[in-house]
Amino acid sequence: MINDTVWNSLPGNLAIIDSSYVEIRNLGFTNGDRHIRLDGIASSDPLSELVLDVKGFNISQTDVLTAELGIDFDGFIDGRVKVSELFDVPRISANLNITKFGFNHESLGDAAISSFWDSKNKLIAVDLKVVYVGNAGTHYPLKVVGNIYPEREHENFDMKVDVDNLKVHTFEPFLSSIFSRMRGYASGSMTFTGDFSDPVLKGKVNLMRTEMLINYLRTSYSLTGDFNFDKDKMWFQDIQLTDSTFGKGTISGVISHKAFADWAIDLNLKADKLSALNTRYNPEEAYYGRAKATGTMTLKGPVDDLVLKANVRSEKGTAVYIPISYARSISENSFIQYRKHGDTTINKKVVPYTESVLSLQLGLDVTRNASLGIILPDQMGTIDVQGDGLLNMGIDTRGEYSMYGQYVMDNGIFMFNFQNILKKNFQIQKGGLITFNGSPYEADIKLQAVYKVKTSLASLPDIPNVPKSTRMNVNCIVSLSGNLYNPDIKFSIALPDASEEVKRTIFSLIDTTNTLEMNQQMISLLVLNTFSSSSGLTTTGATLGLSSYDILSAQLSRMLSTISKDFDIGVNYRPGDQISPQELELALSTQLFDNRVTIDGAVGQSTNNANQTTQIIGDVLVEVKITEDGRFRVKAFNRTNSTLELNSGYSPYTQGVGILFRKEFNNFGELFKRKNKAEVPNPKPQQKK
């Protein structure tokens with residue numbers, strides 16, 4: 001039985017075996033019109049020979065013998081192989097044809113193999129051709145012509161190898177630990193010389209429309225160029241790389257070996273906005289995401305212990321996420337064995353499977369066009385921020401991970417999740433810090449984020465010269481500090497538009513030093529859009545009624561915000577009375593065109609129940625980044641005047657428009673110096689003290 005196919009032995013077979021004499025008669029197997037038959041004599045007589053006759057045999061059935069070598073054959077073979085002087089130096093001659101020949105799952109065409117023994121020159125002449133007939137014509141993907149000298153001590157090979165549009169995928173099994181999805185074609189000429197123990201391949205092959213995926217980084221590259229072969233090495237110079245987003249790079253290097261074993265790599269890459277990472281979430285990885293970079297990279301070492309070093313600057317399109325979790329899993333480890341209860345068999349020693357190791361030593365100049373995402377533990381929320389920093393990372397496939405440097409936040413979103421009850425997007429304030437001190441568990445964070453609300457003072461006691469119906473802008477501030485994996489969280493509030501006298505009065509009613517009360521005030525402002533009155537300051541029926549409308553408004557806002565992850569939508573409704581107007585307001589905030597346009601505002605109407613007059617109310621802020629880095633910006637706003645402002649009696653609104661320019665510098669000369677975009681800083685490793 002071979003692969004579920006029954007082969008029957010040939011009748012009348014005979015085998016005679018002696019110490020120096022073997023005679024075979026009609027020994028073989030048959031299946032329908034296919035057969036494998038061995039006939040002849042093997043002895044010291046040079047005229048005796050063994051003949052292997054093959055018809056219609058599917059050579060893929062021998063894959064069980066070559067699978068461990070990364071070799072797979074396909075096709076149907078017909079022909080004869082003759083062997084003489086089997087007990088001395090074997091003389092082999094063959095005349096074989098393979099239809100539908102395939103190598104490593106790639107169909108190459110039909111193969112013809114012809115060889116014969118030249119007794120005068122003591123050589124085996126070999127002629128191998130693979131012909132492919134397609135719609136565009138006929139070509140020969142592979143030709144091997146030359147001689148083999150079995151009796152020589154050295155220089156056993158003298159052959160010429162020509163390839164013409166040979167599919168690169170045929171070599172993928174030999175490099176599968178590093179590359180996959182290899183596509184493209186190779187054309188060129190080579191010579192194959194050397195000894196049986198030390199063969200030498202020399203020549204040049206041109207790679208065309210070639211693509212490959214680097215497994216660990218999950219990034220694909222296209223390349224075109226010349227690939228050179230020499231003794232114990234393959235090398236290439238200035239081959240152009242292109243990724244799927246049209247990033248470019250130039251790569252040069254050497255792939256060395258010892259008699260086509262013990263492979264090692266020495267590559268150098270210059271990248272220009274080239275993809276360097278494209279991985280998805282994996283609980284076993286310390287990070288994931290997309291990265292585009294400009295700079296230099298090297299990849300060196302044996303294939304089972306490679307080291308990738310890079311000094312690069314992040315480019316637009318970079319978004320790296322660090323999921324923080326205390327969870328650990330051992331269920332997939334190979335050193336754990338499971339057996340049935342009562343099993344008394346002795347366990348054999350288990351040798352853990354070891355994959356190739358890839359170590360990364362990265363010097364990163366992180367710029368504001370890159371996004372850093374941090375998923376906090378215990379579903380506390382997520383941080384999605386842009387900023388600057390010089391970081392040094394050390395990572396390998398064994399799970400070792402280190403990081404040094406400081407990341408300075410410029411802007412971003414902190415999606416705060418309070419026990420899955422409250423989810424709000426806080427605007428991260430400029431100047432926040434993440435400091436990496438080696439182990440990822442030793443990173444420190446210092447962050448402050450703001451969520452803006454507009455609320456009335458109805459739930460607070462009377463404030464002199466301030467009507468109860470007054471609506472005031474309140475900044476809800478959340479601060480994170482300490483260890484990134486277990487940060488301290490504090491809440492505070494700010495009143496940006498109130499006078500100093502009003503601020504003193506309100507803060508005298510709210511104990512900002514009491515953590516419990518500040519937590520309560522924050523939840524009330526975020527959920528009910530009103531100050532908390534649970535301290536006993538007031539419990540009027542009007543306030544209770546107002547809170548019920550705020551609860552309904554908050555629930556409706558949460559439902560509307562689930563429509564799209566790109567928009568934060570809110571609804572505020574206040575019924576009003578004989579003193580306070582009835583108000584209905586729709587709030588909307590979003591970032592459009594790759595965060596180049598920010599819109600934050602609320603539009604609605606206010607109806608005065610006393611005189612039945614209606615007024616349109618609206619607060620809108622639009623900010624547009626003229627340049628990609630945000631250095632030039634345009635802002636426009638419309639703000640409803642509060643009764644606390646001096647000009648509230650003259651106009652219900654205040655409008656404004658402005659152009660902003662920002663540049664950071666360490667001395668006055670840097671203010672006028674243009675930065676060379678081609679420069680990539682080489683951050684020095686920071687040693688832990």
# chains A, B, ... in the order shown; residues from 1 in each chain; ligands from 1
$ residues_around --residues "Phe116 in chain A" --least-positions-apart "3" --cutoff "10 Å" --atoms "only C-alpha atoms" --output "PDB file with all heavy atoms, in the first residue's frame"
ATOM      1  N   VAL A  81      16.877   3.306 -15.645  1.00  0.00           N
ATOM      2  CA  VAL A  81      18.129   3.663 -14.990  1.00  0.00           C
ATOM      3  C   VAL A  81      18.985   2.400 -14.934  1.00  0.00           C
ATOM      4  O   VAL A  81      18.532   1.348 -14.455  1.00  0.00           O
ATOM      5  CB  VAL A  81      17.901   4.214 -13.566  1.00  0.00           C
ATOM      6  CG1 VAL A  81      19.230   4.528 -12.900  1.00  0.00           C
ATOM      7  CG2 VAL A  81      17.012   5.443 -13.593  1.00  0.00           C
ATOM      8  N   LYS A  82      20.255   2.511 -15.426  1.00  0.00           N
ATOM      9  CA  LYS A  82      21.174   1.382 -15.426  1.00  0.00           C
ATOM     10  C   LYS A  82      22.348   1.675 -14.493  1.00  0.00           C
ATOM     11  O   LYS A  82      22.913   2.779 -14.534  1.00  0.00           O
ATOM     12  CB  LYS A  82      21.686   1.101 -16.841  1.00  0.00           C
ATOM     13  CG  LYS A  82      20.590   0.728 -17.835  1.00  0.00           C
ATOM     14  CD  LYS A  82      21.169   0.491 -19.221  1.00  0.00           C
ATOM     15  CE  LYS A  82      20.080   0.124 -20.220  1.00  0.00           C
ATOM     16  NZ  LYS A  82      20.616  -0.121 -21.589  1.00  0.00           N
ATOM     17  N   ARG A  91      28.659   3.115 -11.820  1.00  0.00           N
ATOM     18  CA  ARG A  91      28.466   3.795 -13.092  1.00  0.00           C
ATOM     19  C   ARG A  91      26.973   3.847 -13.350  1.00  0.00           C
ATOM     20  O   ARG A  91      26.314   2.813 -13.415  1.00  0.00           O
ATOM     21  CB  ARG A  91      29.140   3.052 -14.240  1.00  0.00           C
ATOM     22  CG  ARG A  91      30.601   3.354 -14.464  1.00  0.00           C
ATOM     23  CD  ARG A  91      31.508   2.977 -13.339  1.00  0.00           C
ATOM     24  NE  ARG A  91      32.914   2.996 -13.755  1.00  0.00           N
ATOM     25  CZ  ARG A  91      33.916   3.116 -12.918  1.00  0.00           C
ATOM     26  NH1 ARG A  91      33.686   3.234 -11.615  1.00  0.00           N
ATOM     27  NH2 ARG A  91      35.158   3.106 -13.352  1.00  0.00           N
ATOM     28  N   ILE A  92      26.458   5.052 -13.501  1.00  0.00           N
ATOM     29  CA  ILE A  92      25.011   5.226 -13.639  1.00  0.00           C
ATOM     30  C   ILE A  92      24.703   5.872 -14.978  1.00  0.00           C
ATOM     31  O   ILE A  92      25.334   6.866 -15.371  1.00  0.00           O
ATOM     32  CB  ILE A  92      24.441   6.100 -12.490  1.00  0.00           C
ATOM     33  CG1 ILE A  92      24.780   5.481 -11.130  1.00  0.00           C
ATOM     34  CG2 ILE A  92      22.935   6.278 -12.629  1.00  0.00           C
ATOM     35  CD1 ILE A  92      24.377   6.345  -9.949  1.00  0.00           C
ATOM     36  N   SER A  93      23.752   5.318 -15.677  1.00  0.00           N
ATOM     37  CA  SER A  93      23.215   5.941 -16.886  1.00  0.00           C
ATOM     38  C   SER A  93      21.697   5.894 -16.797  1.00  0.00           C
ATOM     39  O   SER A  93      21.128   4.980 -16.206  1.00  0.00           O
ATOM     40  CB  SER A  93      23.705   5.225 -18.152  1.00  0.00           C
ATOM     41  OG  SER A  93      23.258   3.881 -18.163  1.00  0.00           O
ATOM     42  N   ALA A  94      21.067   6.921 -17.349  1.00  0.00           N
ATOM     43  CA  ALA A  94      19.614   7.013 -17.206  1.00  0.00           C
ATOM     44  C   ALA A  94      19.010   7.690 -18.420  1.00  0.00           C
ATOM     45  O   ALA A  94      19.656   8.498 -19.102  1.00  0.00           O
ATOM     46  CB  ALA A  94      19.253   7.776 -15.939  1.00  0.00           C
ATOM     47  N   ASN A  95      17.761   7.371 -18.652  1.00  0.00           N
ATOM     48  CA  ASN A  95      16.967   8.033 -19.680  1.00  0.00           C
ATOM     49  C   ASN A  95      15.541   8.092 -19.145  1.00  0.00           C
ATOM     50  O   ASN A  95      14.781   7.130 -19.260  1.00  0.00           O
ATOM     51  CB  ASN A  95      17.034   7.277 -21.000  1.00  0.00           C
ATOM     52  CG  ASN A  95      16.413   8.067 -22.144  1.00  0.00           C
ATOM     53  OD1 ASN A  95      15.924   9.176 -21.956  1.00  0.00           O
ATOM     54  ND2 ASN A  95      16.429   7.485 -23.342  1.00  0.00           N
ATOM     55  N   SER A 119      33.289   5.648 -20.423  1.00  0.00           N
ATOM     56  CA  SER A 119      34.362   4.843 -19.850  1.00  0.00           C
ATOM     57  C   SER A 119      35.747   5.373 -20.195  1.00  0.00           C
ATOM     58  O   SER A 119      36.702   5.169 -19.444  1.00  0.00           O
ATOM     59  CB  SER A 119      34.224   3.393 -20.336  1.00  0.00           C
ATOM     60  OG  SER A 119      34.266   3.331 -21.756  1.00  0.00           O
ATOM     61  N   LEU A 123      33.661   9.481 -16.672  1.00  0.00           N
ATOM     62  CA  LEU A 123      32.714  10.502 -16.227  1.00  0.00           C
ATOM     63  C   LEU A 123      31.292  10.072 -16.524  1.00  0.00           C
ATOM     64  O   LEU A 123      31.048   9.214 -17.375  1.00  0.00           O
ATOM     65  CB  LEU A 123      33.011  11.858 -16.877  1.00  0.00           C
ATOM     66  CG  LEU A 123      32.947  11.969 -18.415  1.00  0.00           C
ATOM     67  CD1 LEU A 123      31.530  12.212 -18.916  1.00  0.00           C
ATOM     68  CD2 LEU A 123      33.865  13.069 -18.892  1.00  0.00           C
ATOM     69  N   ILE A 124      30.369  10.684 -15.810  1.00  0.00           N
ATOM     70  CA  ILE A 124      28.941  10.523 -16.066  1.00  0.00           C
ATOM     71  C   ILE A 124      28.444  11.818 -16.696  1.00  0.00           C
ATOM     72  O   ILE A 124      28.490  12.889 -16.068  1.00  0.00           O
ATOM     73  CB  ILE A 124      28.157  10.230 -14.773  1.00  0.00           C
ATOM     74  CG1 ILE A 124      28.655   8.936 -14.123  1.00  0.00           C
ATOM     75  CG2 ILE A 124      26.666  10.132 -15.063  1.00  0.00           C
ATOM     76  CD1 ILE A 124      28.007   8.662 -12.768  1.00  0.00           C
ATOM     77  N   ALA A 125      28.030  11.736 -17.934  1.00  0.00           N
ATOM     78  CA  ALA A 125      27.492  12.911 -18.615  1.00  0.00           C
ATOM     79  C   ALA A 125      26.016  13.073 -18.238  1.00  0.00           C
ATOM     80  O   ALA A 125      25.252  12.100 -18.266  1.00  0.00           O
ATOM     81  CB  ALA A 125      27.643  12.767 -20.123  1.00  0.00           C
ATOM     82  N   VAL A 126      25.637  14.300 -17.895  1.00  0.00           N
ATOM     83  CA  VAL A 126      24.279  14.589 -17.431  1.00  0.00           C
ATOM     84  C   VAL A 126      23.669  15.678 -18.306  1.00  0.00           C
ATOM     85  O   VAL A 126      24.314  16.694 -18.605  1.00  0.00           O
ATOM     86  CB  VAL A 126      24.273  15.047 -15.952  1.00  0.00           C
ATOM     87  CG1 VAL A 126      22.854  15.415 -15.513  1.00  0.00           C
ATOM     88  CG2 VAL A 126      24.844  13.957 -15.059  1.00  0.00           C
ATOM     89  N   ASP A 127      22.439  15.444 -18.715  1.00  0.00           N
ATOM     90  CA  ASP A 127      21.689  16.443 -19.487  1.00  0.00           C
ATOM     91  C   ASP A 127      20.259  16.459 -18.950  1.00  0.00           C
ATOM     92  O   ASP A 127      19.494  15.518 -19.176  1.00  0.00           O
ATOM     93  CB  ASP A 127      21.712  16.093 -20.972  1.00  0.00           C
ATOM     94  CG  ASP A 127      21.075  17.186 -21.834  1.00  0.00           C
ATOM     95  OD1 ASP A 127      20.531  18.149 -21.249  1.00  0.00           O
ATOM     96  OD2 ASP A 127      21.121  17.071 -23.067  1.00  0.00           O
ATOM     97  N   ASN A 147      29.187  17.267 -16.465  1.00  0.00           N
ATOM     98  CA  ASN A 147      29.769  15.977 -16.157  1.00  0.00           C
ATOM     99  C   ASN A 147      29.983  15.804 -14.659  1.00  0.00           C
ATOM    100  O   ASN A 147      30.237  16.780 -13.940  1.00  0.00           O
ATOM    101  CB  ASN A 147      31.121  15.826 -16.876  1.00  0.00           C
ATOM    102  CG  ASN A 147      31.007  16.001 -18.383  1.00  0.00           C
ATOM    103  OD1 ASN A 147      30.072  15.475 -19.000  1.00  0.00           O
ATOM    104  ND2 ASN A 147      31.943  16.719 -18.968  1.00  0.00           N
TER     105      ASN A 147
END
$ residues_around --residues "range 129-138 of chain A" --least-positions-apart "3" --cutoff "9 Å" --atoms "only C-alpha atoms" --output "JSON list (two decimals) with all heavy atoms, in the first residue's frame"
[["chain", "number", "residue", "atom", "x", "y", "z"],
["A", 101, "PHE", "N", 5.95, 17.81, -14.18],
["A", 101, "PHE", "CA", 6.95, 17.85, -13.12],
["A", 101, "PHE", "C", 6.74, 19.08, -12.23],
["A", 101, "PHE", "O", 6.55, 20.20, -12.71],
["A", 101, "PHE", "CB", 8.35, 17.89, -13.74],
["A", 101, "PHE", "CG", 9.46, 18.04, -12.74],
["A", 101, "PHE", "CD1", 9.67, 17.07, -11.77],
["A", 101, "PHE", "CD2", 10.27, 19.17, -12.75],
["A", 101, "PHE", "CE1", 10.70, 17.21, -10.84],
["A", 101, "PHE", "CE2", 11.29, 19.31, -11.84],
["A", 101, "PHE", "CZ", 11.51, 18.33, -10.87],
["A", 108, "LEU", "N", 6.47, 23.09, -12.96],
["A", 108, "LEU", "CA", 7.55, 23.65, -13.78],
["A", 108, "LEU", "C", 7.45, 23.23, -15.24],
["A", 108, "LEU", "O", 8.08, 23.86, -16.10],
["A", 108, "LEU", "CB", 8.91, 23.21, -13.23],
["A", 108, "LEU", "CG", 9.21, 23.63, -11.78],
["A", 108, "LEU", "CD1", 10.59, 23.15, -11.38],
["A", 108, "LEU", "CD2", 9.11, 25.14, -11.62],
["A", 109, "GLY", "N", 6.72, 22.16, -15.56],
["A", 109, "GLY", "CA", 6.60, 21.69, -16.94],
["A", 109, "GLY", "C", 6.88, 20.20, -17.02],
["A", 109, "GLY", "O", 6.56, 19.43, -16.11],
["A", 110, "ASP", "N", 7.50, 19.78, -18.12],
["A", 110, "ASP", "CA", 7.90, 18.38, -18.31],
["A", 110, "ASP", "C", 9.42, 18.30, -18.26],
["A", 110, "ASP", "O", 10.12, 19.13, -18.86],
["A", 110, "ASP", "CB", 7.40, 17.84, -19.64],
["A", 110, "ASP", "CG", 5.88, 17.78, -19.70],
["A", 110, "ASP", "OD1", 5.26, 17.59, -18.64],
["A", 110, "ASP", "OD2", 5.32, 17.93, -20.81],
["A", 111, "ALA", "N", 9.94, 17.29, -17.55],
["A", 111, "ALA", "CA", 11.39, 17.14, -17.39],
["A", 111, "ALA", "C", 11.89, 15.94, -18.16],
["A", 111, "ALA", "O", 11.23, 14.90, -18.24],
["A", 111, "ALA", "CB", 11.74, 16.99, -15.91],
["A", 112, "ALA", "N", 13.09, 16.10, -18.73],
["A", 112, "ALA", "CA", 13.78, 15.00, -19.42],
["A", 112, "ALA", "C", 15.19, 14.90, -18.84],
["A", 112, "ALA", "O", 15.94, 15.88, -18.84],
["A", 112, "ALA", "CB", 13.84, 15.25, -20.93],
["A", 113, "ILE", "N", 15.54, 13.71, -18.34],
["A", 113, "ILE", "CA", 16.84, 13.48, -17.72],
["A", 113, "ILE", "C", 17.56, 12.39, -18.50],
["A", 113, "ILE", "O", 17.05, 11.27, -18.67],
["A", 113, "ILE", "CB", 16.69, 13.04, -16.25],
["A", 113, "ILE", "CG1", 15.86, 14.07, -15.48],
["A", 113, "ILE", "CG2", 18.05, 12.85, -15.60],
["A", 113, "ILE", "CD1", 15.49, 13.62, -14.08],
["A", 114, "SER", "N", 18.74, 12.74, -19.01],
["A", 114, "SER", "CA", 19.53, 11.78, -19.77],
["A", 114, "SER", "C", 20.95, 11.78, -19.23],
["A", 114, "SER", "O", 21.55, 12.84, -19.02],
["A", 114, "SER", "CB", 19.53, 12.16, -21.26],
["A", 114, "SER", "OG", 20.38, 11.29, -21.99],
["A", 141, "PRO", "N", 12.56, 26.50, -18.01],
["A", 141, "PRO", "CA", 12.84, 27.08, -16.69],
["A", 141, "PRO", "C", 14.17, 26.62, -16.10],
["A", 141, "PRO", "O", 14.82, 27.35, -15.36],
["A", 141, "PRO", "CB", 11.66, 26.57, -15.84],
["A", 141, "PRO", "CG", 10.60, 26.20, -16.81],
["A", 141, "PRO", "CD", 11.32, 25.73, -18.03],
["A", 142, "LEU", "N", 14.59, 25.37, -16.45],
["A", 142, "LEU", "CA", 15.82, 24.84, -15.86],
["A", 142, "LEU", "C", 16.54, 23.95, -16.86],
["A", 142, "LEU", "O", 15.94, 23.08, -17.48],
["A", 142, "LEU", "CB", 15.49, 24.04, -14.59],
["A", 142, "LEU", "CG", 16.66, 23.35, -13.88],
["A", 142, "LEU", "CD1", 17.64, 24.38, -13.34],
["A", 142, "LEU", "CD2", 16.15, 22.46, -12.75],
["A", 143, "LYS", "N", 17.86, 24.20, -17.00],
["A", 143, "LYS", "CA", 18.74, 23.34, -17.79],
["A", 143, "LYS", "C", 19.99, 23.05, -16.97],
["A", 143, "LYS", "O", 20.60, 23.97, -16.42],
["A", 143, "LYS", "CB", 19.16, 24.02, -19.11],
["A", 143, "LYS", "CG", 18.07, 24.19, -20.13],
["A", 143, "LYS", "CD", 18.66, 24.82, -21.40],
["A", 143, "LYS", "CE", 17.59, 25.04, -22.46],
["A", 143, "LYS", "NZ", 18.18, 25.66, -23.69],
["A", 144, "VAL", "N", 20.34, 21.78, -16.91],
["A", 144, "VAL", "CA", 21.58, 21.37, -16.23],
["A", 144, "VAL", "C", 22.33, 20.45, -17.18],
["A", 144, "VAL", "O", 21.85, 19.36, -17.52],
["A", 144, "VAL", "CB", 21.30, 20.65, -14.90],
["A", 144, "VAL", "CG1", 22.61, 20.24, -14.23],
["A", 144, "VAL", "CG2", 20.48, 21.54, -13.97],
["A", 145, "VAL", "N", 23.50, 20.89, -17.63],
["A", 145, "VAL", "CA", 24.32, 20.12, -18.57],
["A", 145, "VAL", "C", 25.74, 20.08, -18.03],
["A", 145, "VAL", "O", 26.29, 21.10, -17.62],
["A", 145, "VAL", "CB", 24.29, 20.75, -19.98],
["A", 145, "VAL", "CG1", 25.17, 19.95, -20.94],
["A", 145, "VAL", "CG2", 22.87, 20.83, -20.50]]
$ residues_around --residues "His257 in chain A" --least-positions-apart "6" --cutoff "9 Å" --atoms "only C-alpha atoms" --output "NGL selection string"
:A and (231-234 or 263-265)
$ write_last_selection --atoms "N, CA and C atoms" --output "CSV table (one decimal), in the first residue's frame"
chain,number,residue,atom,x,y,z
A,231,LYS,N,31.6,30.9,-4.1
A,231,LYS,CA,31.9,29.8,-3.2
A,231,LYS,C,31.5,30.2,-1.7
A,232,ASP,N,30.6,29.3,-1.2
A,232,ASP,CA,30.1,29.4,0.2
A,232,ASP,C,29.4,30.7,0.5
A,233,LYS,N,28.9,31.4,-0.6
A,233,LYS,CA,28.1,32.6,-0.3
A,233,LYS,C,27.2,33.0,-1.5
A,234,MET,N,26.2,33.8,-1.2
A,234,MET,CA,25.4,34.5,-2.2
A,234,MET,C,25.4,35.9,-1.8
A,263,TRP,N,23.7,28.0,7.4
A,263,TRP,CA,23.4,29.3,6.8
A,263,TRP,C,23.6,30.4,7.7
A,264,ALA,N,24.1,31.6,7.2
A,264,ALA,CA,24.2,32.8,8.0
A,264,ALA,C,23.9,34.0,7.1
A,265,ILE,N,23.5,35.1,7.7
A,265,ILE,CA,23.0,36.3,6.9
A,265,ILE,C,23.7,37.5,7.4
$ residues_around --residues "Pro323 in chain A" --least-positions-apart "3" --cutoff "8 Å" --atoms "only C-alpha atoms" --output "PDB file with all heavy atoms, in the first residue's frame"
ATOM      1  N   ALA A 286       4.701  41.364  23.030  1.00  0.00           N
ATOM      2  CA  ALA A 286       4.733  42.555  23.875  1.00  0.00           C
ATOM      3  C   ALA A 286       4.137  43.772  23.171  1.00  0.00           C
ATOM      4  O   ALA A 286       3.820  44.763  23.833  1.00  0.00           O
ATOM      5  CB  ALA A 286       6.171  42.864  24.300  1.00  0.00           C
ATOM      6  N   TYR A 287       3.975  43.705  21.864  1.00  0.00           N
ATOM      7  CA  TYR A 287       3.436  44.842  21.121  1.00  0.00           C
ATOM      8  C   TYR A 287       2.909  44.328  19.786  1.00  0.00           C
ATOM      9  O   TYR A 287       3.206  43.221  19.363  1.00  0.00           O
ATOM     10  CB  TYR A 287       4.521  45.893  20.881  1.00  0.00           C
ATOM     11  CG  TYR A 287       5.623  45.400  19.975  1.00  0.00           C
ATOM     12  CD1 TYR A 287       5.627  45.677  18.622  1.00  0.00           C
ATOM     13  CD2 TYR A 287       6.666  44.634  20.484  1.00  0.00           C
ATOM     14  CE1 TYR A 287       6.608  45.213  17.786  1.00  0.00           C
ATOM     15  CE2 TYR A 287       7.668  44.162  19.663  1.00  0.00           C
ATOM     16  CZ  TYR A 287       7.637  44.461  18.315  1.00  0.00           C
ATOM     17  OH  TYR A 287       8.620  43.983  17.496  1.00  0.00           O
ATOM     18  N   ILE A 374      -1.733  52.336  24.102  1.00  0.00           N
ATOM     19  CA  ILE A 374      -1.503  51.550  25.309  1.00  0.00           C
ATOM     20  C   ILE A 374      -2.853  51.081  25.825  1.00  0.00           C
ATOM     21  O   ILE A 374      -3.750  51.898  26.085  1.00  0.00           O
ATOM     22  CB  ILE A 374      -0.775  52.374  26.390  1.00  0.00           C
ATOM     23  CG1 ILE A 374       0.597  52.819  25.874  1.00  0.00           C
ATOM     24  CG2 ILE A 374      -0.619  51.560  27.673  1.00  0.00           C
ATOM     25  CD1 ILE A 374       1.327  53.737  26.830  1.00  0.00           C
ATOM     26  N   ILE A 375      -3.010  49.778  25.936  1.00  0.00           N
ATOM     27  CA  ILE A 375      -4.242  49.194  26.458  1.00  0.00           C
ATOM     28  C   ILE A 375      -4.002  48.880  27.926  1.00  0.00           C
ATOM     29  O   ILE A 375      -3.254  47.967  28.269  1.00  0.00           O
ATOM     30  CB  ILE A 375      -4.625  47.930  25.667  1.00  0.00           C
ATOM     31  CG1 ILE A 375      -4.745  48.273  24.170  1.00  0.00           C
ATOM     32  CG2 ILE A 375      -5.930  47.347  26.184  1.00  0.00           C
ATOM     33  CD1 ILE A 375      -4.945  47.061  23.290  1.00  0.00           C
ATOM     34  N   LEU A 376      -4.625  49.647  28.806  1.00  0.00           N
ATOM     35  CA  LEU A 376      -4.369  49.534  30.238  1.00  0.00           C
ATOM     36  C   LEU A 376      -5.011  48.271  30.802  1.00  0.00           C
ATOM     37  O   LEU A 376      -5.997  47.759  30.262  1.00  0.00           O
ATOM     38  CB  LEU A 376      -4.903  50.773  30.957  1.00  0.00           C
ATOM     39  CG  LEU A 376      -4.208  52.092  30.576  1.00  0.00           C
ATOM     40  CD1 LEU A 376      -4.934  53.262  31.210  1.00  0.00           C
ATOM     41  CD2 LEU A 376      -2.750  52.077  30.995  1.00  0.00           C
ATOM     42  N   PRO A 377      -4.464  47.753  31.917  1.00  0.00           N
ATOM     43  CA  PRO A 377      -5.000  46.513  32.495  1.00  0.00           C
ATOM     44  C   PRO A 377      -6.357  46.723  33.143  1.00  0.00           C
ATOM     45  O   PRO A 377      -6.796  47.850  33.384  1.00  0.00           O
ATOM     46  CB  PRO A 377      -3.929  46.127  33.531  1.00  0.00           C
ATOM     47  CG  PRO A 377      -3.304  47.425  33.913  1.00  0.00           C
ATOM     48  CD  PRO A 377      -3.306  48.268  32.669  1.00  0.00           C
TER      49      PRO A 377
END
$ residues_around --residues "range 423-437 of chain A" --least-positions-apart "6" --cutoff "6 Å" --atoms "only C-alpha atoms" --output "PyMOL selection string"
chain A and resi 403-417+443-451
$ atom_distance --atom1 "CA of Gly381 in chain A" --atom2 "CA of Ala319 in chain A"
17.3 Å
$ closest_residue --among "A:Phe227, A:Phe246, A:Phe29, A:Phe157" --to "Pro199 in chain A" --atoms "only C-alpha atoms"
A:Phe157
$ closest_residue --among "A:Gly249, A:Ile36, A:Arg152, A:Leu213" --to "Arg181 in chain A" --atoms "only C-alpha atoms"
A:Leu213
$ select_by_dssp --residues "range 353-492 of chain A" --states "strand (DSSP E or B)" --output "PyMOL selection string"
chain A and resi 357-366+370-375+381-396+401-418+422-428+433-438+444-456+463+466+471-483+488-492
$ residues_around --residues "Leu207 in chain A" --least-positions-apart "2" --cutoff "8 Å" --atoms "only C-alpha atoms" --output "list in words"
Gly184, Tyr185, Ala186, Ser187, Val205, Arg209, Thr210, Leu223, Thr224, Gly225, Asp226 and Phe227 of chain A
$ residues_around --residues "Arg639 in chain A" --least-positions-apart "2" --cutoff "8 Å" --atoms "only C-alpha atoms" --output "list in words"
Gly618, Asp619, Val620, Phe637, Asn641, Tyr653, Thr654 and Gln655 of chain A
$ closest_residue --among "A:Gly28, A:Arg280, A:Ser589, A:Asp594" --to "Ser371 in chain A" --atoms "only C-alpha atoms"
A:Asp594
$ atom_distance --atom1 "CA of Asp262 in chain A" --atom2 "CA of Leu362 in chain A"
26.4 Å
$ atom_distance --atom1 "CA of Gly12 in chain A" --atom2 "CA of Ser43 in chain A"
22.3 Å
$ closest_residue --among "A:Lys300, A:Arg218, A:Arg504, A:Lys452" --to "Gly253 in chain A" --atoms "only C-alpha atoms"
A:Lys300
